[in-house]
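Source file: work_8.txt; contents: compact mmCIF, N, CA, C and O atoms.
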```txt
# COMPACT_ATOMS: atom_id res chain seq x y z
N LEU E 619 124.26 86.78 106.88
CA LEU E 619 123.58 87.06 105.63
C LEU E 619 122.62 88.24 105.80
O LEU E 619 122.66 89.18 105.05
N TRP E 620 121.76 88.18 106.80
CA TRP E 620 120.80 89.26 107.03
C TRP E 620 121.33 90.16 108.13
O TRP E 620 122.08 89.71 108.99
N PRO E 621 120.96 91.44 108.15
CA PRO E 621 121.42 92.33 109.21
C PRO E 621 121.03 91.79 110.59
O PRO E 621 119.93 91.32 110.79
N ASP E 622 121.97 91.87 111.50
CA ASP E 622 121.75 91.41 112.87
C ASP E 622 121.29 92.59 113.71
O ASP E 622 121.92 93.66 113.68
N LEU E 623 120.25 92.40 114.49
CA LEU E 623 119.68 93.48 115.30
C LEU E 623 120.69 94.04 116.28
O LEU E 623 120.84 95.25 116.40
N GLN E 624 121.41 93.19 116.97
CA GLN E 624 122.38 93.66 117.97
C GLN E 624 123.55 94.38 117.32
O GLN E 624 124.04 95.39 117.82
N GLU E 625 123.99 93.86 116.19
CA GLU E 625 125.16 94.42 115.53
C GLU E 625 124.84 95.70 114.75
O GLU E 625 125.63 96.64 114.73
N ASN E 626 123.68 95.75 114.10
CA ASN E 626 123.34 96.87 113.21
C ASN E 626 122.19 97.74 113.70
O ASN E 626 121.83 98.69 113.02
N GLN E 627 121.57 97.40 114.82
CA GLN E 627 120.38 98.09 115.31
C GLN E 627 119.27 98.09 114.25
O GLN E 627 118.46 98.99 114.17
N PHE E 628 119.29 97.06 113.42
CA PHE E 628 118.30 96.93 112.36
C PHE E 628 118.10 95.46 112.05
O PHE E 628 119.03 94.69 112.08
N GLN E 629 116.85 95.11 111.72
CA GLN E 629 116.56 93.73 111.38
C GLN E 629 115.37 93.68 110.43
O GLN E 629 114.39 94.40 110.63
N PHE E 630 115.46 92.87 109.39
CA PHE E 630 114.33 92.67 108.49
C PHE E 630 113.28 91.82 109.19
O PHE E 630 113.61 90.92 109.96
N SER E 631 112.01 92.06 108.87
CA SER E 631 110.95 91.21 109.41
C SER E 631 111.02 89.83 108.75
O SER E 631 111.64 89.67 107.69
N LYS E 632 110.37 88.86 109.36
CA LYS E 632 110.35 87.51 108.77
C LYS E 632 109.66 87.54 107.42
O LYS E 632 110.06 86.85 106.50
N GLY E 633 108.61 88.34 107.28
CA GLY E 633 107.92 88.46 106.00
C GLY E 633 108.82 89.04 104.92
O GLY E 633 108.79 88.59 103.78
N ALA E 634 109.62 90.04 105.29
CA ALA E 634 110.52 90.67 104.32
C ALA E 634 111.61 89.69 103.88
O ALA E 634 111.91 89.59 102.68
N THR E 635 112.19 88.96 104.83
CA THR E 635 113.24 88.00 104.45
C THR E 635 112.68 86.88 103.59
O THR E 635 113.32 86.45 102.63
N ASP E 636 111.46 86.43 103.89
CA ASP E 636 110.83 85.38 103.08
C ASP E 636 110.59 85.89 101.66
O ASP E 636 110.87 85.19 100.68
N LEU E 637 110.08 87.11 101.54
CA LEU E 637 109.82 87.69 100.22
C LEU E 637 111.12 87.82 99.42
O LEU E 637 111.18 87.42 98.25
N ILE E 638 112.17 88.33 100.04
CA ILE E 638 113.44 88.50 99.35
C ILE E 638 114.01 87.16 98.91
O ILE E 638 114.47 87.01 97.77
N ARG E 639 113.96 86.18 99.79
CA ARG E 639 114.47 84.85 99.43
C ARG E 639 113.73 84.28 98.23
O ARG E 639 114.34 83.71 97.32
N LYS E 640 112.42 84.44 98.22
CA LYS E 640 111.62 83.88 97.12
C LYS E 640 111.82 84.66 95.82
O LYS E 640 111.75 84.08 94.74
N LEU E 641 112.08 85.95 95.91
CA LEU E 641 112.35 86.74 94.71
C LEU E 641 113.73 86.43 94.12
O LEU E 641 113.95 86.58 92.93
N LEU E 642 114.66 86.01 94.97
CA LEU E 642 116.03 85.76 94.54
C LEU E 642 116.35 84.28 94.34
O LEU E 642 117.51 83.91 94.21
N ASP E 643 115.33 83.44 94.29
CA ASP E 643 115.56 82.00 94.09
C ASP E 643 116.34 81.80 92.79
O ASP E 643 116.00 82.38 91.76
N ARG E 644 117.39 80.98 92.85
CA ARG E 644 118.24 80.76 91.68
C ARG E 644 117.50 80.07 90.54
O ARG E 644 117.81 80.27 89.37
N ASP E 645 116.53 79.25 90.86
CA ASP E 645 115.78 78.51 89.84
C ASP E 645 114.62 79.40 89.36
O ASP E 645 113.66 79.63 90.09
N PRO E 646 114.70 79.91 88.14
CA PRO E 646 113.65 80.81 87.64
C PRO E 646 112.25 80.21 87.69
O PRO E 646 111.28 80.94 87.87
N SER E 647 112.12 78.89 87.57
CA SER E 647 110.80 78.28 87.59
C SER E 647 110.20 78.26 89.00
O SER E 647 108.99 78.13 89.15
N LYS E 648 111.03 78.40 90.02
CA LYS E 648 110.56 78.41 91.41
C LYS E 648 110.49 79.82 91.99
O LYS E 648 109.95 80.03 93.06
N ARG E 649 111.03 80.77 91.27
CA ARG E 649 111.10 82.16 91.75
C ARG E 649 109.70 82.76 91.88
O ARG E 649 108.82 82.54 91.04
N LEU E 650 109.49 83.50 92.94
CA LEU E 650 108.20 84.16 93.16
C LEU E 650 107.91 85.10 92.00
O LEU E 650 108.75 85.92 91.63
N GLY E 651 106.76 84.97 91.41
CA GLY E 651 106.37 85.77 90.26
C GLY E 651 106.53 85.05 88.95
O GLY E 651 106.12 85.55 87.91
N SER E 652 107.13 83.86 88.97
CA SER E 652 107.37 83.14 87.71
C SER E 652 106.09 82.55 87.14
O SER E 652 105.99 82.33 85.94
N LEU E 653 105.10 82.33 87.98
CA LEU E 653 103.84 81.73 87.49
C LEU E 653 102.80 82.78 87.10
O LEU E 653 102.12 82.63 86.10
N ASN E 654 102.68 83.82 87.93
CA ASN E 654 101.60 84.78 87.71
C ASN E 654 102.08 86.22 87.84
O ASN E 654 101.35 87.08 88.31
N ASP E 655 103.31 86.46 87.48
CA ASP E 655 103.91 87.80 87.48
C ASP E 655 103.67 88.55 88.79
O ASP E 655 103.77 87.98 89.86
N ALA E 656 103.36 89.82 88.68
CA ALA E 656 103.24 90.67 89.86
C ALA E 656 102.09 90.25 90.77
O ALA E 656 102.16 90.44 91.98
N ASP E 657 101.04 89.68 90.23
CA ASP E 657 99.92 89.25 91.06
C ASP E 657 100.38 88.23 92.11
O ASP E 657 99.96 88.30 93.26
N GLU E 658 101.22 87.34 91.71
CA GLU E 658 101.75 86.33 92.63
C GLU E 658 102.59 87.00 93.73
O GLU E 658 102.50 86.64 94.90
N ILE E 659 103.38 87.98 93.35
CA ILE E 659 104.22 88.68 94.32
C ILE E 659 103.35 89.47 95.29
O ILE E 659 103.57 89.44 96.50
N LEU E 660 102.35 90.16 94.78
CA LEU E 660 101.50 90.98 95.64
C LEU E 660 100.62 90.16 96.58
O LEU E 660 100.07 90.70 97.54
N GLN E 661 100.46 88.87 96.33
CA GLN E 661 99.70 88.00 97.22
C GLN E 661 100.55 87.48 98.38
O GLN E 661 100.03 86.85 99.28
N HIS E 662 101.84 87.78 98.38
CA HIS E 662 102.72 87.35 99.46
C HIS E 662 102.27 88.04 100.76
O HIS E 662 101.83 89.19 100.74
N PRO E 663 102.35 87.35 101.89
CA PRO E 663 101.93 87.93 103.17
C PRO E 663 102.60 89.27 103.53
O PRO E 663 102.02 90.07 104.26
N PHE E 664 103.77 89.54 102.99
CA PHE E 664 104.44 90.82 103.26
C PHE E 664 103.55 92.00 102.87
O PHE E 664 103.57 93.05 103.50
N PHE E 665 102.77 91.84 101.82
CA PHE E 665 101.89 92.90 101.33
C PHE E 665 100.48 92.80 101.90
O PHE E 665 99.57 93.47 101.42
N GLY E 666 100.29 91.97 102.93
CA GLY E 666 98.97 91.70 103.49
C GLY E 666 98.17 92.91 103.93
O GLY E 666 96.97 92.98 103.73
N GLY E 667 98.80 93.90 104.52
CA GLY E 667 98.08 95.06 105.02
C GLY E 667 97.99 96.20 104.04
O GLY E 667 97.59 97.30 104.40
N ILE E 668 98.35 95.97 102.80
CA ILE E 668 98.39 97.03 101.81
C ILE E 668 97.28 96.83 100.79
O ILE E 668 97.11 95.76 100.23
N ASN E 669 96.51 97.88 100.55
CA ASN E 669 95.45 97.83 99.55
C ASN E 669 96.06 98.22 98.21
O ASN E 669 96.17 99.41 97.87
N VAL E 670 96.47 97.24 97.46
CA VAL E 670 97.18 97.46 96.20
C VAL E 670 96.29 98.17 95.17
O VAL E 670 96.76 99.02 94.42
N GLU E 671 95.03 97.84 95.17
CA GLU E 671 94.11 98.49 94.20
C GLU E 671 94.08 99.99 94.41
O GLU E 671 94.09 100.76 93.45
N LYS E 672 94.05 100.43 95.67
CA LYS E 672 94.03 101.87 95.96
C LYS E 672 95.35 102.53 95.54
O LYS E 672 95.35 103.67 95.08
N ILE E 673 96.44 101.82 95.71
CA ILE E 673 97.73 102.37 95.29
C ILE E 673 97.77 102.51 93.77
O ILE E 673 98.18 103.54 93.24
N ILE E 674 97.33 101.48 93.06
CA ILE E 674 97.33 101.52 91.60
C ILE E 674 96.46 102.65 91.08
O ILE E 674 96.81 103.35 90.13
N LYS E 675 95.32 102.87 91.74
CA LYS E 675 94.40 103.94 91.33
C LYS E 675 94.78 105.29 91.91
O LYS E 675 94.05 106.26 91.75
N ARG E 676 95.91 105.34 92.63
CA ARG E 676 96.43 106.57 93.24
C ARG E 676 95.44 107.20 94.21
O ARG E 676 95.28 108.43 94.25
N LYS E 677 94.78 106.36 94.99
CA LYS E 677 93.82 106.83 95.99
C LYS E 677 94.48 107.01 97.36
O LYS E 677 93.87 107.52 98.27
N ILE E 678 95.73 106.54 97.49
CA ILE E 678 96.47 106.65 98.75
C ILE E 678 97.66 107.55 98.53
O ILE E 678 98.44 107.35 97.60
N LYS E 679 97.80 108.55 99.39
CA LYS E 679 98.94 109.45 99.28
C LYS E 679 100.13 108.83 100.00
O LYS E 679 99.99 108.20 101.04
N GLY E 680 101.30 109.04 99.43
CA GLY E 680 102.52 108.56 100.03
C GLY E 680 102.84 109.33 101.32
O GLY E 680 102.40 110.47 101.49
N PRO E 681 103.60 108.72 102.22
CA PRO E 681 103.92 109.39 103.48
C PRO E 681 104.91 110.55 103.29
O PRO E 681 105.06 111.38 104.17
N TYR E 682 105.58 110.60 102.14
CA TYR E 682 106.58 111.62 101.88
C TYR E 682 106.55 112.02 100.42
O TYR E 682 106.52 111.17 99.55
N LYS E 683 106.56 113.30 100.18
CA LYS E 683 106.60 113.80 98.81
C LYS E 683 107.85 114.66 98.66
O LYS E 683 107.95 115.73 99.28
N PRO E 684 108.82 114.18 97.87
CA PRO E 684 110.06 114.95 97.74
C PRO E 684 109.83 116.29 97.04
O PRO E 684 108.89 116.43 96.24
N ALA E 685 110.67 117.23 97.36
CA ALA E 685 110.55 118.58 96.77
C ALA E 685 110.94 118.57 95.31
O ALA E 685 111.69 117.79 94.85
```
Write-out of the structure in structure tokens:
Amino acid sequence: LWPDLQENQFQFSKGATDLIRKLLDRDPSKRLGSLNDADEILQHPFFGGINVEKIIKRKIKGPYKPA
């Protein structure tokens, strides 16, 4: 189901796989974000090291700016 490190030289983190599973839950009432929209999603540990307020206010520059 998920990329295998040995086979693909790539692997999702545990936080990423947990976030994806919760976003794709078949039961809409259990799906991440069903109770409190984006706020609920942004509280997931995957986003733990990200200052969302600074991103929303455009205080953080992206690592890449396309031409």
In Å and to one decimal, atom N of E:Ala656 is distant from atom CA of E:Lys632 by 21.4 Å
Excluding E:Pro621 and its own-chain neighbours fewer than 3 positions away, which residues fall within 5 Å of it when counting only N, CA, C and O atoms? Please give them as a list in words.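 Everything that qualifies: Phe628, Gln629 and Phe630 of chain E.
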Quick one: residues within 7 Å of stretch 660-669 of chain E, only N, CA, C and O atoms counted, chain neighbours fewer than 6 positions away excluded, as a list in words?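 After dropping sequence-adjacent residues, the list is Gly633, Ala634 and Leu637 of chain E.
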In Å, how far is it from atom O of E:Arg644 to atom CA of E:Ile659? 16.7 Å
Could you state the separation of atom CA of E:Gly651 and atom CA of E:Asp636 in Å, given to one decimal place?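 Separation between atom CA of E:Gly651 and atom CA of E:Asp636: 13.6 Å.
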When you count only C-alpha atoms, which of these residues is closest to E:Arg639: E:Pro684, E:Val670, E:Trp620, E:Ile678?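 Smallest distance to E:Arg639 is found for E:Trp620.
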List every residue of stretch 622-673 of chain E that DSSP, applied to the backbone of this structure, assigns to alpha helix (DSSP H), and report them as a PyMOL selection string. chain E and resi 623-626+632-641+655-660+670-673
Could you write out as JSON the box around stretch 663-674 of chain E (axis-aligned, all atoms listed in the file, 6 Å on each side), with centre and edge lengths in Å to one decimal?
```
{"center_x": 99.2, "center_y": 95.5, "center_z": 97.6, "size_x": 22.4, "size_y": 28.3, "size_z": 26.9}
```
Could all heavy atoms be built for stretch 625-636 of chain E and written out as a short mmCIF file (atom, residue, chain, number, x, y, z; two decimals), keeping the file's coordinate frame?
```cif
data_model
loop_
_atom_site.label_atom_id
_atom_site.label_comp_id
_atom_site.auth_asym_id
_atom_site.auth_seq_id
_atom_site.Cartn_x
_atom_site.Cartn_y
_atom_site.Cartn_z
N GLU E 625 123.99 93.86 116.19
CA GLU E 625 125.16 94.42 115.53
C GLU E 625 124.84 95.70 114.75
O GLU E 625 125.63 96.64 114.73
CB GLU E 625 125.74 93.38 114.58
CG GLU E 625 127.10 93.70 114.03
CD GLU E 625 127.65 92.56 113.21
OE1 GLU E 625 127.58 91.40 113.66
OE2 GLU E 625 128.13 92.83 112.09
N ASN E 626 123.68 95.75 114.10
CA ASN E 626 123.34 96.87 113.21
C ASN E 626 122.19 97.74 113.70
O ASN E 626 121.83 98.69 113.02
CB ASN E 626 122.97 96.34 111.82
CG ASN E 626 124.07 95.51 111.21
OD1 ASN E 626 124.20 94.33 111.50
ND2 ASN E 626 124.87 96.13 110.38
N GLN E 627 121.57 97.40 114.82
CA GLN E 627 120.38 98.09 115.31
C GLN E 627 119.27 98.09 114.25
O GLN E 627 118.46 98.99 114.17
CB GLN E 627 120.69 99.53 115.75
CG GLN E 627 121.49 99.65 117.02
CD GLN E 627 122.95 99.31 116.84
OE1 GLN E 627 123.57 99.77 115.90
NE2 GLN E 627 123.49 98.51 117.72
N PHE E 628 119.29 97.06 113.42
CA PHE E 628 118.30 96.93 112.36
C PHE E 628 118.10 95.46 112.05
O PHE E 628 119.03 94.69 112.08
CB PHE E 628 118.78 97.66 111.09
CG PHE E 628 117.88 97.46 109.92
CD1 PHE E 628 116.72 98.17 109.80
CD2 PHE E 628 118.20 96.54 108.94
CE1 PHE E 628 115.88 97.98 108.72
CE2 PHE E 628 117.36 96.35 107.84
CZ PHE E 628 116.20 97.07 107.74
N GLN E 629 116.85 95.11 111.72
CA GLN E 629 116.56 93.73 111.38
C GLN E 629 115.37 93.68 110.43
O GLN E 629 114.39 94.40 110.63
CB GLN E 629 116.24 92.94 112.65
CG GLN E 629 116.00 91.48 112.45
CD GLN E 629 115.78 90.76 113.78
OE1 GLN E 629 115.68 91.39 114.83
NE2 GLN E 629 115.68 89.47 113.72
N PHE E 630 115.46 92.87 109.39
CA PHE E 630 114.33 92.67 108.49
C PHE E 630 113.28 91.82 109.19
O PHE E 630 113.61 90.92 109.96
CB PHE E 630 114.74 91.94 107.21
CG PHE E 630 115.52 92.77 106.23
CD1 PHE E 630 116.80 92.40 105.87
CD2 PHE E 630 114.97 93.90 105.66
CE1 PHE E 630 117.52 93.15 104.95
CE2 PHE E 630 115.68 94.66 104.76
CZ PHE E 630 116.96 94.28 104.40
N SER E 631 112.01 92.06 108.87
CA SER E 631 110.95 91.21 109.41
C SER E 631 111.02 89.83 108.75
O SER E 631 111.64 89.67 107.69
CB SER E 631 109.58 91.84 109.14
OG SER E 631 109.30 91.81 107.75
N LYS E 632 110.37 88.86 109.36
CA LYS E 632 110.35 87.51 108.77
C LYS E 632 109.66 87.54 107.42
O LYS E 632 110.06 86.85 106.50
CB LYS E 632 109.65 86.54 109.71
CG LYS E 632 110.47 86.22 110.93
CD LYS E 632 109.78 85.23 111.84
CE LYS E 632 110.63 84.98 113.07
NZ LYS E 632 110.05 84.00 113.97
N GLY E 633 108.61 88.34 107.28
CA GLY E 633 107.92 88.46 106.00
C GLY E 633 108.82 89.04 104.92
O GLY E 633 108.79 88.59 103.78
N ALA E 634 109.62 90.04 105.29
CA ALA E 634 110.52 90.67 104.32
C ALA E 634 111.61 89.69 103.88
O ALA E 634 111.91 89.59 102.68
CB ALA E 634 111.16 91.93 104.90
N THR E 635 112.19 88.96 104.83
CA THR E 635 113.24 88.00 104.45
C THR E 635 112.68 86.88 103.59
O THR E 635 113.32 86.45 102.63
CB THR E 635 113.95 87.41 105.68
OG1 THR E 635 113.01 86.80 106.55
CG2 THR E 635 114.73 88.47 106.43
N ASP E 636 111.46 86.43 103.89
CA ASP E 636 110.83 85.38 103.08
C ASP E 636 110.59 85.89 101.66
O ASP E 636 110.87 85.19 100.68
CB ASP E 636 109.53 84.92 103.72
CG ASP E 636 108.88 83.79 102.96
OD1 ASP E 636 109.51 82.71 102.85
OD2 ASP E 636 107.75 83.98 102.47
#
```
